[in-house]
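A.B. asks: File follows, query09.pdb with PDB, C-alpha atoms:
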MODEL        1
ATOM      1  CA  MET A   1      24.162  89.937  23.441
ATOM      2  CA  ASN A   2      25.961  90.284  26.722
ATOM      3  CA  GLY A   3      24.435  88.242  29.521
ATOM      4  CA  TYR A   4      23.027  85.457  27.258
ATOM      5  CA  PRO A   5      24.755  82.052  27.032
ATOM      6  CA  ALA A   6      25.895  80.906  23.600
ATOM      7  CA  ILE A   7      23.386  78.615  21.803
ATOM      8  CA  ARG A   8      24.936  75.208  21.083
ATOM      9  CA  LYS A   9      24.047  73.701  17.666
ATOM     10  CA  GLN A  10      23.238  69.936  17.124
ATOM     11  CA  SER A  11      26.064  68.475  15.026
ATOM     12  CA  GLY A  12      24.978  64.715  14.862
ATOM     13  CA  LEU A  13      25.465  61.470  16.850
ATOM     14  CA  SER A  14      28.539  60.766  18.745
ATOM     15  CA  LEU A  15      30.570  57.631  18.003
ATOM     16  CA  VAL A  16      29.456  56.050  21.258
ATOM     17  CA  GLU A  17      25.801  56.647  20.471
ATOM     18  CA  LEU A  18      26.234  55.200  16.987
ATOM     19  CA  MET A  19      27.916  52.055  18.312
ATOM     20  CA  VAL A  20      25.182  51.547  20.907
ATOM     21  CA  ALA A  21      22.524  51.860  18.205
ATOM     22  CA  VAL A  22      24.319  49.357  15.950
ATOM     23  CA  VAL A  23      24.674  46.819  18.761
ATOM     24  CA  LEU A  24      20.992  47.139  19.699
ATOM     25  CA  GLY A  25      20.004  46.702  16.056
ATOM     26  CA  LEU A  26      22.172  43.572  15.703
ATOM     27  CA  LEU A  27      20.687  42.074  18.854
ATOM     28  CA  LEU A  28      17.190  42.772  17.605
ATOM     29  CA  MET A  29      17.915  41.259  14.167
ATOM     30  CA  THR A  30      19.550  38.200  15.762
ATOM     31  CA  GLY A  31      16.448  37.615  17.843
ATOM     32  CA  ILE A  32      14.140  38.003  14.854
ATOM     33  CA  PHE A  33      16.320  35.676  12.746
ATOM     34  CA  SER A  34      16.352  33.043  15.516
ATOM     35  CA  VAL A  35      12.566  33.170  15.781
ATOM     36  CA  PHE A  36      12.304  32.862  11.987
ATOM     37  CA  LEU A  37      14.596  29.799  11.903
ATOM     38  CA  ALA A  38      12.719  28.139  14.775
ATOM     39  CA  SER A  39       9.370  28.809  13.089
ATOM     40  CA  LYS A  40      10.655  27.460   9.790
ATOM     41  CA  GLN A  41      11.965  24.270  11.438
ATOM     42  CA  THR A  42       8.681  23.797  13.291
ATOM     43  CA  TYR A  43       6.775  24.219  10.030
ATOM     44  CA  ARG A  44       9.014  21.700   8.214
ATOM     45  CA  LEU A  45       8.542  19.133  10.996
ATOM     46  CA  SER A  46       4.771  19.577  11.201
ATOM     47  CA  ASP A  47       4.473  19.454   7.403
ATOM     48  CA  ALA A  48       6.556  16.251   7.255
ATOM     49  CA  VAL A  49       4.473  14.644  10.022
ATOM     50  CA  SER A  50       1.158  15.555   8.395
ATOM     51  CA  ARG A  51       2.288  14.274   4.992
ATOM     52  CA  MET A  52       3.486  10.974   6.480
ATOM     53  CA  GLN A  53       0.243  10.532   8.421
ATOM     54  CA  GLU A  54      -1.784  11.086   5.252
ATOM     55  CA  ASN A  55       0.452   8.768   3.213
ATOM     56  CA  GLY A  56       0.469   6.115   5.930
ATOM     57  CA  ARG A  57      -3.321   6.036   6.169
ATOM     58  CA  PHE A  58      -3.659   5.880   2.399
ATOM     59  CA  ALA A  59      -1.118   3.044   2.084
ATOM     60  CA  LEU A  60      -2.779   0.950   4.793
ATOM     61  CA  GLU A  61      -6.251   1.477   3.318
ATOM     62  CA  MET A  62      -5.038   0.457  -0.151
ATOM     63  CA  LEU A  63      -3.295  -2.663   1.150
ATOM     64  CA  ALA A  64      -6.249  -3.619   3.346
ATOM     65  CA  SER A  65      -8.719  -3.162   0.489
ATOM     66  CA  ASP A  66      -6.901  -5.753  -1.645
ATOM     67  CA  ILE A  67      -5.916  -8.136   1.158
ATOM     68  CA  ARG A  68      -9.366  -8.534   2.694
ATOM     69  CA  MET A  69     -10.726  -9.603  -0.711
ATOM     70  CA  ALA A  70      -8.236 -12.485  -1.089
ATOM     71  CA  GLY A  71      -9.958 -15.698  -2.166
ATOM     72  CA  HIS A  72     -13.222 -14.080  -3.207
ATOM     73  CA  GLN A  73     -15.162 -16.144  -5.762
ATOM     74  CA  GLY A  74     -18.708 -14.914  -5.520
ATOM     75  CA  CYS A  75     -21.115 -17.040  -3.503
ATOM     76  CA  ALA A  76     -18.889 -20.139  -3.823
ATOM     77  CA  ASP A  77     -17.549 -20.837  -0.330
ATOM     78  CA  PRO A  78     -13.713 -20.857  -0.564
ATOM     79  CA  ARG A  79     -13.566 -23.421   2.253
ATOM     80  CA  LEU A  80     -15.676 -25.880   0.245
ATOM     81  CA  VAL A  81     -15.211 -25.007  -3.430
ATOM     82  CA  GLN A  82     -11.807 -25.387  -5.115
ATOM     83  CA  ALA A  83     -11.709 -23.584  -8.458
ATOM     84  CA  ASN A  84     -10.840 -25.714 -11.466
ATOM     85  CA  ALA A  85      -8.076 -24.209 -13.582
ATOM     86  CA  ALA A  86      -6.801 -24.573 -17.123
ATOM     87  CA  THR A  87      -3.537 -26.464 -17.505
ATOM     88  CA  ALA A  88      -1.608 -23.258 -18.275
ATOM     89  CA  ILE A  89      -2.479 -21.794 -14.860
ATOM     90  CA  SER A  90       0.222 -22.634 -12.337
ATOM     91  CA  PHE A  91      -1.539 -21.894  -9.036
ATOM     92  CA  SER A  92      -4.365 -23.337  -6.967
ATOM     93  CA  TYR A  93      -7.274 -21.120  -6.022
ATOM     94  CA  PRO A  94      -8.314 -20.107  -3.413
ATOM     95  CA  GLU A  95      -5.439 -21.910  -1.639
ATOM     96  CA  ASP A  96      -2.894 -19.596  -3.296
ATOM     97  CA  ALA A  97      -4.989 -16.465  -2.822
ATOM     98  CA  VAL A  98      -2.292 -15.146  -0.457
ATOM     99  CA  ALA A  99       1.450 -15.534  -0.984
ATOM    100  CA  GLY A 100       4.505 -13.795   0.393
ATOM    101  CA  THR A 101       8.245 -13.328   0.036
ATOM    102  CA  GLU A 102      10.499 -12.766   3.029
ATOM    103  CA  GLY A 103      12.787  -9.801   2.470
ATOM    104  CA  GLY A 104      15.640 -10.867   4.771
ATOM    105  CA  HIS A 105      17.751  -7.687   4.915
ATOM    106  CA  GLY A 106      15.143  -5.771   2.916
ATOM    107  CA  PRO A 107      11.370  -5.300   2.793
ATOM    108  CA  ASP A 108       8.898  -8.178   2.449
ATOM    109  CA  LYS A 109       6.508  -8.673  -0.457
ATOM    110  CA  ILE A 110       2.898  -9.797  -0.435
ATOM    111  CA  MET A 111       0.679 -10.964  -3.293
ATOM    112  CA  VAL A 112      -3.081 -11.528  -3.217
ATOM    113  CA  ARG A 113      -5.570 -12.886  -5.761
ATOM    114  CA  TYR A 114      -9.320 -12.386  -5.785
ATOM    115  CA  GLY A 115     -12.379 -12.240  -7.976
ATOM    116  CA  THR A 116     -13.300  -8.636  -8.622
ATOM    117  CA  ALA A 117     -16.280  -7.088  -6.868
ATOM    118  CA  GLU A 118     -17.661  -6.063 -10.255
ATOM    119  CA  PHE A 119     -19.218  -8.979 -12.124
ATOM    120  CA  GLY A 120     -21.547  -9.888 -14.953
ATOM    121  CA  GLU A 121     -24.352 -12.391 -14.496
ATOM    122  CA  LEU A 122     -24.958 -15.033 -17.133
ATOM    123  CA  THR A 123     -27.934 -14.011 -19.275
ATOM    124  CA  SER A 124     -28.265 -17.300 -21.129
ATOM    125  CA  SER A 125     -27.221 -20.858 -20.532
ATOM    126  CA  MET A 126     -23.794 -22.104 -21.570
ATOM    127  CA  PRO A 127     -24.547 -25.454 -23.179
ATOM    128  CA  SER A 128     -20.985 -26.590 -23.833
ATOM    129  CA  GLN A 129     -17.656 -26.138 -22.123
ATOM    130  CA  ALA A 130     -16.249 -24.132 -25.046
ATOM    131  CA  SER A 131     -19.305 -21.903 -25.566
ATOM    132  CA  GLU A 132     -19.054 -18.164 -25.455
ATOM    133  CA  ILE A 133     -20.205 -16.647 -22.175
ATOM    134  CA  ALA A 134     -23.149 -14.273 -22.427
ATOM    135  CA  VAL A 135     -23.319 -11.881 -19.478
ATOM    136  CA  SER A 136     -25.221  -8.793 -18.392
ATOM    137  CA  LYS A 137     -21.959  -6.849 -18.671
ATOM    138  CA  VAL A 138     -18.249  -7.532 -19.036
ATOM    139  CA  PRO A 139     -16.376  -6.485 -15.854
ATOM    140  CA  HIS A 140     -14.262  -3.397 -16.435
ATOM    141  CA  LYS A 141     -11.057  -4.972 -15.109
ATOM    142  CA  LEU A 142     -11.362  -8.043 -17.331
ATOM    143  CA  LYS A 143      -8.939  -7.690 -20.256
ATOM    144  CA  ASP A 144      -8.101  -9.637 -23.389
ATOM    145  CA  ASN A 145      -5.630 -12.409 -22.496
ATOM    146  CA  GLY A 146      -6.401 -11.737 -18.832
ATOM    147  CA  LEU A 147      -7.519 -14.231 -16.209
ATOM    148  CA  ALA A 148     -11.208 -14.622 -15.468
ATOM    149  CA  LEU A 149     -13.215 -16.438 -12.829
ATOM    150  CA  ILE A 150     -16.681 -17.863 -13.461
ATOM    151  CA  ALA A 151     -18.513 -19.341 -10.502
ATOM    152  CA  ASP A 152     -21.868 -20.265  -9.118
ATOM    153  CA  CYS A 153     -22.500 -21.375  -5.554
ATOM    154  CA  ASP A 154     -21.379 -24.929  -6.247
ATOM    155  CA  SER A 155     -18.308 -24.677  -8.481
ATOM    156  CA  ALA A 156     -15.798 -22.301 -10.016
ATOM    157  CA  ASP A 157     -13.450 -22.159 -13.005
ATOM    158  CA  ILE A 158     -10.394 -20.044 -13.748
ATOM    159  CA  PHE A 159      -9.535 -19.492 -17.392
ATOM    160  CA  SER A 160      -7.744 -17.055 -19.664
ATOM    161  CA  VAL A 161      -9.773 -14.928 -22.059
ATOM    162  CA  SER A 162      -8.842 -15.518 -25.679
ATOM    163  CA  ALA A 163      -7.105 -12.740 -27.609
ATOM    164  CA  GLY A 164      -9.793 -10.363 -28.840
ATOM    165  CA  GLY A 165     -12.339 -12.444 -26.962
ATOM    166  CA  LEU A 166     -14.212  -9.630 -25.224
ATOM    167  CA  ASP A 167     -17.256  -7.988 -26.762
ATOM    168  CA  ARG A 168     -18.231  -5.370 -24.198
ATOM    169  CA  GLY A 169     -21.015  -3.882 -26.262
ATOM    170  CA  ASN A 170     -22.911  -7.169 -26.502
ATOM    171  CA  GLY A 171     -21.770  -8.682 -23.179
ATOM    172  CA  ARG A 172     -19.767 -11.600 -24.546
ATOM    173  CA  ALA A 173     -16.541 -13.302 -23.460
ATOM    174  CA  HIS A 174     -14.776 -16.151 -25.248
ATOM    175  CA  PRO A 175     -12.673 -18.492 -23.092
ATOM    176  CA  GLY A 176      -9.201 -19.241 -24.386
ATOM    177  CA  SER A 177      -9.650 -22.881 -23.343
ATOM    178  CA  ALA A 178     -12.594 -25.095 -22.505
ATOM    179  CA  LEU A 179     -13.993 -24.761 -19.013
ATOM    180  CA  SER A 180     -14.212 -27.792 -16.773
ATOM    181  CA  ARG A 181     -18.013 -27.707 -16.847
ATOM    182  CA  ALA A 182     -20.899 -26.015 -18.641
ATOM    183  CA  TYR A 183     -22.704 -23.321 -16.647
ATOM    184  CA  ASN A 184     -26.443 -22.912 -16.824
ATOM    185  CA  HIS A 185     -28.011 -20.126 -14.791
ATOM    186  CA  ASP A 186     -31.405 -21.810 -15.246
ATOM    187  CA  ASN A 187     -30.593 -24.882 -13.205
ATOM    188  CA  ASP A 188     -33.105 -27.341 -11.841
ATOM    189  CA  ALA A 189     -36.264 -25.876 -10.386
ATOM    190  CA  ASP A 190     -35.240 -26.730  -6.841
ATOM    191  CA  ASP A 191     -32.090 -24.570  -7.119
ATOM    192  CA  ASP A 192     -32.478 -21.107  -5.645
ATOM    193  CA  ALA A 193     -31.515 -17.821  -7.291
ATOM    194  CA  ARG A 194     -28.074 -17.816  -5.711
ATOM    195  CA  SER A 195     -27.050 -20.570  -8.114
ATOM    196  CA  ALA A 196     -26.773 -18.044 -10.974
ATOM    197  CA  ALA A 197     -23.225 -18.051 -12.331
ATOM    198  CA  ARG A 198     -21.194 -14.854 -12.340
ATOM    199  CA  LEU A 199     -18.234 -13.808 -14.465
ATOM    200  CA  MET A 200     -15.487 -11.854 -12.677
ATOM    201  CA  GLY A 201     -12.002 -10.710 -13.444
ATOM    202  CA  LEU A 202      -9.328 -12.506 -11.410
ATOM    203  CA  GLU A 203      -7.275  -9.686  -9.913
ATOM    204  CA  THR A 204      -3.640 -10.125  -8.885
ATOM    205  CA  ALA A 205      -2.036  -7.503  -6.656
ATOM    206  CA  GLU A 206       1.605  -7.794  -5.576
ATOM    207  CA  PHE A 207       2.960  -5.140  -3.220
ATOM    208  CA  GLU A 208       6.632  -4.365  -2.662
ATOM    209  CA  VAL A 209       8.855  -1.506  -1.497
ATOM    210  CA  LYS A 210      11.954  -0.446  -3.395
ATOM    211  CA  GLN A 211      13.987   2.593  -4.399
ATOM    212  CA  THR A 212      12.477   4.853  -7.031
ATOM    213  CA  GLY A 213      15.804   5.849  -8.581
ATOM    214  CA  ARG A 214      15.215   9.441  -7.422
ATOM    215  CA  SER A 215      17.069  11.320  -4.680
ATOM    216  CA  ASN A 216      16.218  14.328  -2.554
ATOM    217  CA  HIS A 217      18.340  17.497  -2.541
ATOM    218  CA  ALA A 218      20.625  15.962   0.109
ATOM    219  CA  GLY A 219      21.341  12.922  -2.083
ATOM    220  CA  ASN A 220      19.249  10.468  -0.021
ATOM    221  CA  PRO A 221      17.458   7.797  -2.101
ATOM    222  CA  VAL A 222      13.671   8.039  -2.166
ATOM    223  CA  HIS A 223      11.719   4.801  -1.613
ATOM    224  CA  ALA A 224       8.152   4.021  -2.624
ATOM    225  CA  LEU A 225       5.386   1.429  -2.403
ATOM    226  CA  TYR A 226       4.700  -0.396  -5.677
ATOM    227  CA  ARG A 227       1.604  -2.327  -6.762
ATOM    228  CA  GLU A 228       2.089  -4.698  -9.680
ATOM    229  CA  GLY A 229       5.310  -2.879 -10.600
ATOM    230  CA  GLU A 230       3.662   0.549 -10.650
ATOM    231  CA  GLU A 231       4.673   3.208  -8.127
ATOM    232  CA  VAL A 232       1.698   4.250  -6.029
ATOM    233  CA  LEU A 233       3.140   6.126  -3.033
ATOM    234  CA  GLU A 234       6.571   7.622  -2.383
ATOM    235  CA  GLY A 235       8.158   7.823   1.047
ATOM    236  CA  VAL A 236       7.509   4.189   2.075
ATOM    237  CA  GLU A 237      10.879   2.783   3.175
ATOM    238  CA  ASN A 238      10.020  -0.675   4.470
ATOM    239  CA  LEU A 239       7.204  -3.233   4.417
ATOM    240  CA  GLN A 240       6.970  -6.073   6.931
ATOM    241  CA  VAL A 241       4.250  -8.737   6.770
ATOM    242  CA  LYS A 242       3.122 -11.385   9.251
ATOM    243  CA  TYR A 243       0.503 -14.022   8.496
ATOM    244  CA  GLY A 244      -2.115 -15.025  11.051
ATOM    245  CA  VAL A 245      -2.421 -18.818  10.940
ATOM    246  CA  ARG A 246      -5.300 -20.442  12.815
ATOM    247  CA  THR A 247      -4.246 -23.372  14.974
ATOM    248  CA  GLY A 248      -7.172 -24.734  16.927
ATOM    249  CA  ASN A 249      -8.663 -21.786  18.810
ATOM    250  CA  GLN A 250      -5.546 -19.645  18.535
ATOM    251  CA  VAL A 251      -4.004 -17.454  15.848
ATOM    252  CA  GLN A 252      -0.234 -17.271  15.538
ATOM    253  CA  TYR A 253       1.464 -14.597  13.431
ATOM    254  CA  VAL A 254       4.419 -15.978  11.510
ATOM    255  CA  ASP A 255       6.728 -15.111   8.637
ATOM    256  CA  TRP A 256       6.063 -16.518   5.192
ATOM    257  CA  SER A 257       7.748 -19.842   4.489
ATOM    258  CA  GLY A 258       7.316 -22.806   2.198
ATOM    259  CA  SER A 259       5.813 -24.814   5.042
ATOM    260  CA  ILE A 260       3.184 -22.277   6.078
ATOM    261  CA  ASP A 261      -0.363 -23.633   6.361
ATOM    262  CA  LYS A 262      -1.866 -21.539   3.549
ATOM    263  CA  GLU A 263      -5.395 -22.827   3.919
ATOM    264  CA  ASN A 264      -5.548 -21.618   7.534
ATOM    265  CA  ILE A 265      -4.275 -18.086   6.971
ATOM    266  CA  ILE A 266      -7.157 -15.986   8.277
ATOM    267  CA  SER A 267      -5.518 -12.572   8.703
ATOM    268  CA  VAL A 268      -2.491 -10.528   7.672
ATOM    269  CA  ARG A 269      -0.554  -8.022   9.785
ATOM    270  CA  ILE A 270       0.991  -5.174   7.799
ATOM    271  CA  GLY A 271       3.743  -2.861   9.067
ATOM    272  CA  LEU A 272       5.067   0.140   7.126
ATOM    273  CA  LEU A 273       8.019   2.410   7.863
ATOM    274  CA  LEU A 274       7.677   5.781   6.153
ATOM    275  CA  HIS A 275      10.300   8.499   5.794
ATOM    276  CA  SER A 276       9.961  12.182   4.952
ATOM    277  CA  ILE A 277      11.217  13.084   1.504
ATOM    278  CA  ASP A 278      13.648  15.775   2.702
ATOM    279  CA  PRO A 279      15.856  15.919   5.822
ATOM    280  CA  VAL A 280      14.102  17.761   8.674
ATOM    281  CA  LEU A 281      16.069  16.551  11.718
ATOM    282  CA  ASP A 282      19.074  18.274  13.296
ATOM    283  CA  ALA A 283      21.032  15.008  13.598
ATOM    284  CA  ASP A 284      21.173  11.580  11.994
ATOM    285  CA  ASP A 285      18.309   9.243  12.883
ATOM    286  CA  GLU A 286      19.824   6.536  15.095
ATOM    287  CA  ALA A 287      16.505   5.198  16.397
ATOM    288  CA  GLU A 288      15.302   1.603  16.106
ATOM    289  CA  TYR A 289      11.758   0.964  14.880
ATOM    290  CA  ALA A 290       9.516  -2.017  15.656
ATOM    291  CA  VAL A 291       7.546  -2.730  12.479
ATOM    292  CA  ALA A 292       5.090  -5.654  12.699
ATOM    293  CA  GLY A 293       7.304  -7.239  15.350
ATOM    294  CA  VAL A 294      10.514  -6.761  13.326
ATOM    295  CA  THR A 295      13.234  -4.391  14.568
ATOM    296  CA  ILE A 296      14.573  -2.053  11.876
ATOM    297  CA  ARG A 297      17.882  -0.468  12.826
ATOM    298  CA  PRO A 298      19.995   2.301  11.274
ATOM    299  CA  ALA A 299      22.339   0.955   8.630
ATOM    300  CA  PRO A 300      25.884   0.655  10.001
ATOM    301  CA  THR A 301      28.490  -1.410   8.239
ATOM    302  CA  GLY A 302      27.837  -5.120   8.738
ATOM    303  CA  ALA A 303      24.295  -4.690  10.110
ATOM    304  CA  THR A 304      22.086  -7.777  10.114
ATOM    305  CA  GLY A 305      18.359  -7.756   9.446
ATOM    306  CA  PRO A 306      16.273  -4.945   7.946
ATOM    307  CA  THR A 307      17.775  -1.453   8.170
ATOM    308  CA  HIS A 308      16.839   2.143   7.436
ATOM    309  CA  GLY A 309      18.948   4.952   6.008
ATOM    310  CA  GLY A 310      20.078   6.478   9.298
ATOM    311  CA  ASP A 311      19.986   9.939   7.701
ATOM    312  CA  ARG A 312      18.273  13.114   8.896
ATOM    313  CA  ARG A 313      14.835  12.287   7.532
ATOM    314  CA  LEU A 314      11.870  11.878   9.873
ATOM    315  CA  ARG A 315      10.397   8.368  10.182
ATOM    316  CA  ARG A 316       7.106   6.962  11.444
ATOM    317  CA  VAL A 317       5.599   3.446  11.765
ATOM    318  CA  PHE A 318       2.088   2.501  10.608
ATOM    319  CA  GLU A 319       0.482  -0.882  11.281
ATOM    320  CA  THR A 320      -2.815  -2.649  10.789
ATOM    321  CA  THR A 321      -4.218  -6.179  10.920
ATOM    322  CA  VAL A 322      -6.569  -7.259   8.133
ATOM    323  CA  ALA A 323      -9.003 -10.157   8.459
ATOM    324  CA  LEU A 324      -9.555 -12.179   5.303
ATOM    325  CA  ARG A 325     -13.273 -12.096   4.586
ATOM    326  CA  ASN A 326     -13.219 -15.303   2.588
ATOM    327  CA  ARG A 327     -11.526 -17.550   5.143
TER     328      ARG A 327
ENDMDL
END
The structure given in the file should be rewritten as C-alpha cells.

C.D. replies:
Amino acid sequence: MNGYPAIRKQSGLSLVELMVAVVLGLLLMTGIFSVFLASKQTYRLSDAVSRMQENGRFALEMLASDIRMAGHQGCADPRLVQANAATAISFSYPEDAVAGTEGGHGPDKIMVRYGTAEFGELTSSMPSQASEIAVSKVPHKLKDNGLALIADCDSADIFSVSAGGLDRGNGRAHPGSALSRAYNHDNDADDDARSAARLMGLETAEFEVKQTGRSNHAGNPVHALYREGEEVLEGVENLQVKYGVRTGNQVQYVDWSGSIDKENIISVRIGLLLHSIDPVLDADDEAEYAVAGVTIRPAPTGATGPTHGGDRRLRRVFETTVALRNR
C-alpha cells in the first residue's frame, strides 16, 4: 500500500451546501408562487369582465325588447287612436304606455305597457258590447282577471277578462265588463282586410334595481335587476333612465317628472352600472361613473346623488338608446 494516497470516502453534504440548496429552493418556490398568484388574479379579473359583459348585453336586450314595444295596439295608430278603457282602469293608453320614477339617491324605475305581439283574430262578429269574443286562439300571456286589448285599425278597447273567462280550447274570452263598442271583423265591403279586430294581452313591465338580500363572501350586498318584482339578473347595481322628448325638430333627454310631455316621448336612454359578485380589485373602488349622464360616486358619509358601494368589486357601465316603434 505504500506509495498510494488514501482514498477519501463521501460522507454527505456540508452545512454550507445544504443552506445554499435551501435558499435556492425557497427562491424558486417564491417565484412559482408569485406567478401562480398573478395568474389567479388575472383569471379572476378576466372572468369578472366576461361575466359582466354577458350580463350587461342581456340586460340591455331585455329592457330594449319591452321598451320598444310601448304603446303597441295592433294596426291602430297610437298617434290617432286612443284606447277606450273600463272605469276600473286608472290609466290612459297609449299616453301612459311609458312611465318612470326618479330614484334620487338610488336607482330609477321604468314601466312600459304594450299589446303583446301574439294575438288572436276574431273568427266571428261580436254583435253586442257584452258578447263573448271568439278568436282564432287565446294569446298565451292573457290570463284570467288580466288586462286585454282588442283593436282594429280604427278603435281600441282595454278591458279585464272575467274570472274563469278564458276558454283556450275553443278560442273564447269573456270580458269582465262591456266594451265601448261591438267589433265585427266583417265590416262594410269597402273596408280592407286590415280592419279585422285582434285580441291581445296588455303587458305591463316595470323594471327596478334593488338589493337581493344576499351577500358575497366579503359581506358586500348583491344587487339585481327586477322585472315585475321578479329577479332576472344579479350584479346590476344601478339603473338610470332618460326620456327623449321631441320638441319641434329636436329631441331632448330629460328626467321623469309630472310635467313631462308623455305624448312626445319618442325614445328612452338606459344606463346600467354592473358590479362583479365577488371582490377582484386590490383596493377599494373610488372611481366615479357616468351612467346615462348621471354621475355615480363612491358612497362616503353625507354623499349626495346616486352612489355605489365603493368596495373592491369591479364595475362597468352599459348604455343604449331605444326608439319607441309606436310613436

A.B. asks: Please expand the PyMOL selection byres ((chain A and resi 209-217) around 7) into the concrete residues it hits in this file, giving the result as a short mmCIF file (atom, residue, chain, number, x, y, z; two decimals) with C-alpha atoms, keeping the file's coordinate frame.

C.D. replies:
data_model
loop_
_atom_site.label_atom_id
_atom_site.label_comp_id
_atom_site.auth_asym_id
_atom_site.auth_seq_id
_atom_site.Cartn_x
_atom_site.Cartn_y
_atom_site.Cartn_z
CA PRO A 107 11.37 -5.30 2.79
CA GLU A 208 6.63 -4.36 -2.66
CA ALA A 218 20.62 15.96 0.11
CA GLY A 219 21.34 12.92 -2.08
CA ASN A 220 19.25 10.47 -0.02
CA PRO A 221 17.46 7.80 -2.10
CA VAL A 222 13.67 8.04 -2.17
CA HIS A 223 11.72 4.80 -1.61
CA ALA A 224 8.15 4.02 -2.62
CA LEU A 225 5.39 1.43 -2.40
CA TYR A 226 4.70 -0.40 -5.68
CA VAL A 236 7.51 4.19 2.08
CA GLU A 237 10.88 2.78 3.18
CA ASN A 238 10.02 -0.68 4.47
CA LEU A 239 7.20 -3.23 4.42
CA ILE A 277 11.22 13.08 1.50
CA ASP A 278 13.65 15.78 2.70
#

A.B. asks: Taking into account all atoms listed in the file, which residue in the set A:Val241, A:Thr247, A:Asp144, A:Ile265 is nearest to Asn326 (chain A)?

C.D. replies: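 Of A:Val241, A:Thr247, A:Asp144, A:Ile265, the one nearest Asn326 (chain A), counting all atoms listed in the file, is A:Ile265.
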
A.B. asks: Could you tell me which residues the PyMOL selection byres ((chain A and resi 292) around 12) returns for this structure, as a PyMOL selection string?

C.D. replies: chain A and resi 107-108+238-244+253-255+268-273+289-291+293-296+317-321

A.B. asks: Taking the file as I've supplied it (selection: the PyMOL selection byres ((chain A and resi 201) around 10)), which residues are included? Please answer as a list of chain:residue names.

C.D. replies: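 Selected by the PyMOL selection byres ((chain A and resi 201) around 10) in this file: A:Gln73, A:Tyr114, A:Gly115, A:Thr116, A:Ala117, A:Glu118, A:Phe119, A:Gly120, A:Val138, A:Pro139, A:His140, A:Lys141, A:Leu142, A:Lys143, A:Gly146, A:Leu147, A:Ala148, A:Leu149, A:Ile150, A:Ile158, A:Phe159, A:Ser160, A:Val161, A:Leu199, A:Met200, A:Leu202, A:Glu203, A:Thr204.
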
A.B. asks: In Å to one decimal, how far is CA of Met19 (chain A) from CA of Ile32 (chain A)?

C.D. replies: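 These two atoms are separated by 20.0 Å.
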
A.B. asks: Please determine, counting only C-alpha atoms, which residue among A:Gly106, A:Gly74, A:Gly248, A:Pro175 has the shortest atom-to-atom distance to Ala151 (chain A).

C.D. replies: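 Between A:Gly106, A:Gly74, A:Gly248, A:Pro175, the residue approaching Ala151 (chain A) most closely is A:Gly74.
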
A.B. asks: Which region 154-208 of chain A residues have any atom within 12 Å of an atom of region 125-128 of chain A, and for each, what is the nearest pair of atoms with distance in Å to one decimal, counting all atoms listed in the file, rows sorted by chain and number, as a tab-separated table?

C.D. replies:
residue	atom	partner	partner_atom	distance
A:Arg172	CA	A:Met126	CA	11.6
A:Ala173	CA	A:Met126	CA	11.6
A:His174	CA	A:Met126	CA	11.4
A:Pro175	CA	A:Ser128	CA	11.6
A:Ser177	CA	A:Ser128	CA	11.9
A:Ala178	CA	A:Ser128	CA	8.6
A:Leu179	CA	A:Ser128	CA	8.7
A:Ser180	CA	A:Ser128	CA	9.9
A:Arg181	CA	A:Ser128	CA	7.7
A:Ala182	CA	A:Ser128	CA	5.2
A:Tyr183	CA	A:Met126	CA	5.2
A:Asn184	CA	A:Ser125	CA	4.3
A:His185	CA	A:Ser125	CA	5.8
A:Asp186	CA	A:Ser125	CA	6.8
A:Asn187	CA	A:Ser125	CA	9.0
A:Ala196	CA	A:Ser125	CA	10.0
A:Ala197	CA	A:Ser125	CA	9.5
A:Arg198	CA	A:Ser125	CA	11.8

A.B. asks: Identify which of the residues A:Leu122, A:Val251, A:Val49, A:Met62 lies closest to Arg313 (chain A), counting all atoms listed in the file when measuring atom-to-atom distances.

C.D. replies: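 The closest residue to Arg313 (chain A) is A:Val49.
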
A.B. asks: Which centre and which edge lengths, in Å to one decimal, describe the axis-aligned box that holds all listed atoms of region 67-86 of chain A after 5 Å is added on each side, as JSON?

C.D. replies:
{"center_x": -13.5, "center_y": -17.0, "center_z": -7.2, "size_x": 25.2, "size_y": 27.7, "size_z": 29.8}

A.B. asks: Tell me, in Å to one decimal, how far CA of Gln41 (chain A) is from CA of Leu60 (chain A).

C.D. replies: 28.4 Å

A.B. asks: Here is a test: counting only C-alpha atoms, which residue of A:Gly104, A:Gly235, A:Pro279, A:Gly258 is nearest to Thr307 (chain A)?

C.D. replies: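 Nearest candidate to Thr307 (chain A) out of A:Gly104, A:Gly235, A:Pro279, A:Gly258: A:Gly104.
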
A.B. asks: Nearest to Gly71 (chain A): which of A:Ser34, A:Ser92, A:Gln53, A:Gln252 is it, counting all atoms listed in the file?

C.D. replies: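 Of A:Ser34, A:Ser92, A:Gln53, A:Gln252, the one nearest Gly71 (chain A), counting all atoms listed in the file, is A:Ser92.
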
A.B. asks: Rounded to one decimal place, report the CA of Pro94 (chain A)-CA of Arg68 (chain A) distance in Å.

C.D. replies: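 Going from CA of Pro94 (chain A) over to CA of Arg68 (chain A), I get 13.1 Å.
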
A.B. asks: Find the spatial neighbours of Asp154 (chain A), counting only C-alpha atoms, within a cut-off of 9 Å - ignore same-chain residues fewer than 3 positions away - and output them as JSON, numbers by chain.

C.D. replies: {"A": [75, 76, 77, 80, 81, 151, 195]}

A.B. asks: Residues at most 6 Å from Ser136 (chain A), counting all atoms listed in the file, excluding those fewer than 3 positions away in the same chain, as a PyMOL selection string?

C.D. replies: chain A and resi 120-121+123+171

A.B. asks: Could you tell me which of A:Gly56, A:Gly100, A:Gly229, A:Pro78 comes closest to Asn264 (chain A) if we count only C-alpha atoms?

C.D. replies: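 Residue with the minimum atom-to-atom distance to Asn264 (chain A): A:Pro78.
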
A.B. asks: Can you tell me, as a list in words, what residues are no more than 8 Å from Glu286 (chain A) when counting all atoms listed in the file, ignoring any on the same chain fewer than 4 positions away?

C.D. replies: Arg297, Pro298 and Gly310 of chain A

A.B. asks: Residues of the last selection are to be written out with C-alpha atoms, as an mmCIF file, in the coordinates of the input.

C.D. replies:
data_model
loop_
_atom_site.group_PDB
_atom_site.id
_atom_site.type_symbol
_atom_site.label_atom_id
_atom_site.label_comp_id
_atom_site.auth_asym_id
_atom_site.auth_seq_id
_atom_site.Cartn_x
_atom_site.Cartn_y
_atom_site.Cartn_z
ATOM 1 C CA ARG A 297 17.882 -0.468 12.826
ATOM 2 C CA PRO A 298 19.995 2.301 11.274
ATOM 3 C CA GLY A 310 20.078 6.478 9.298
#
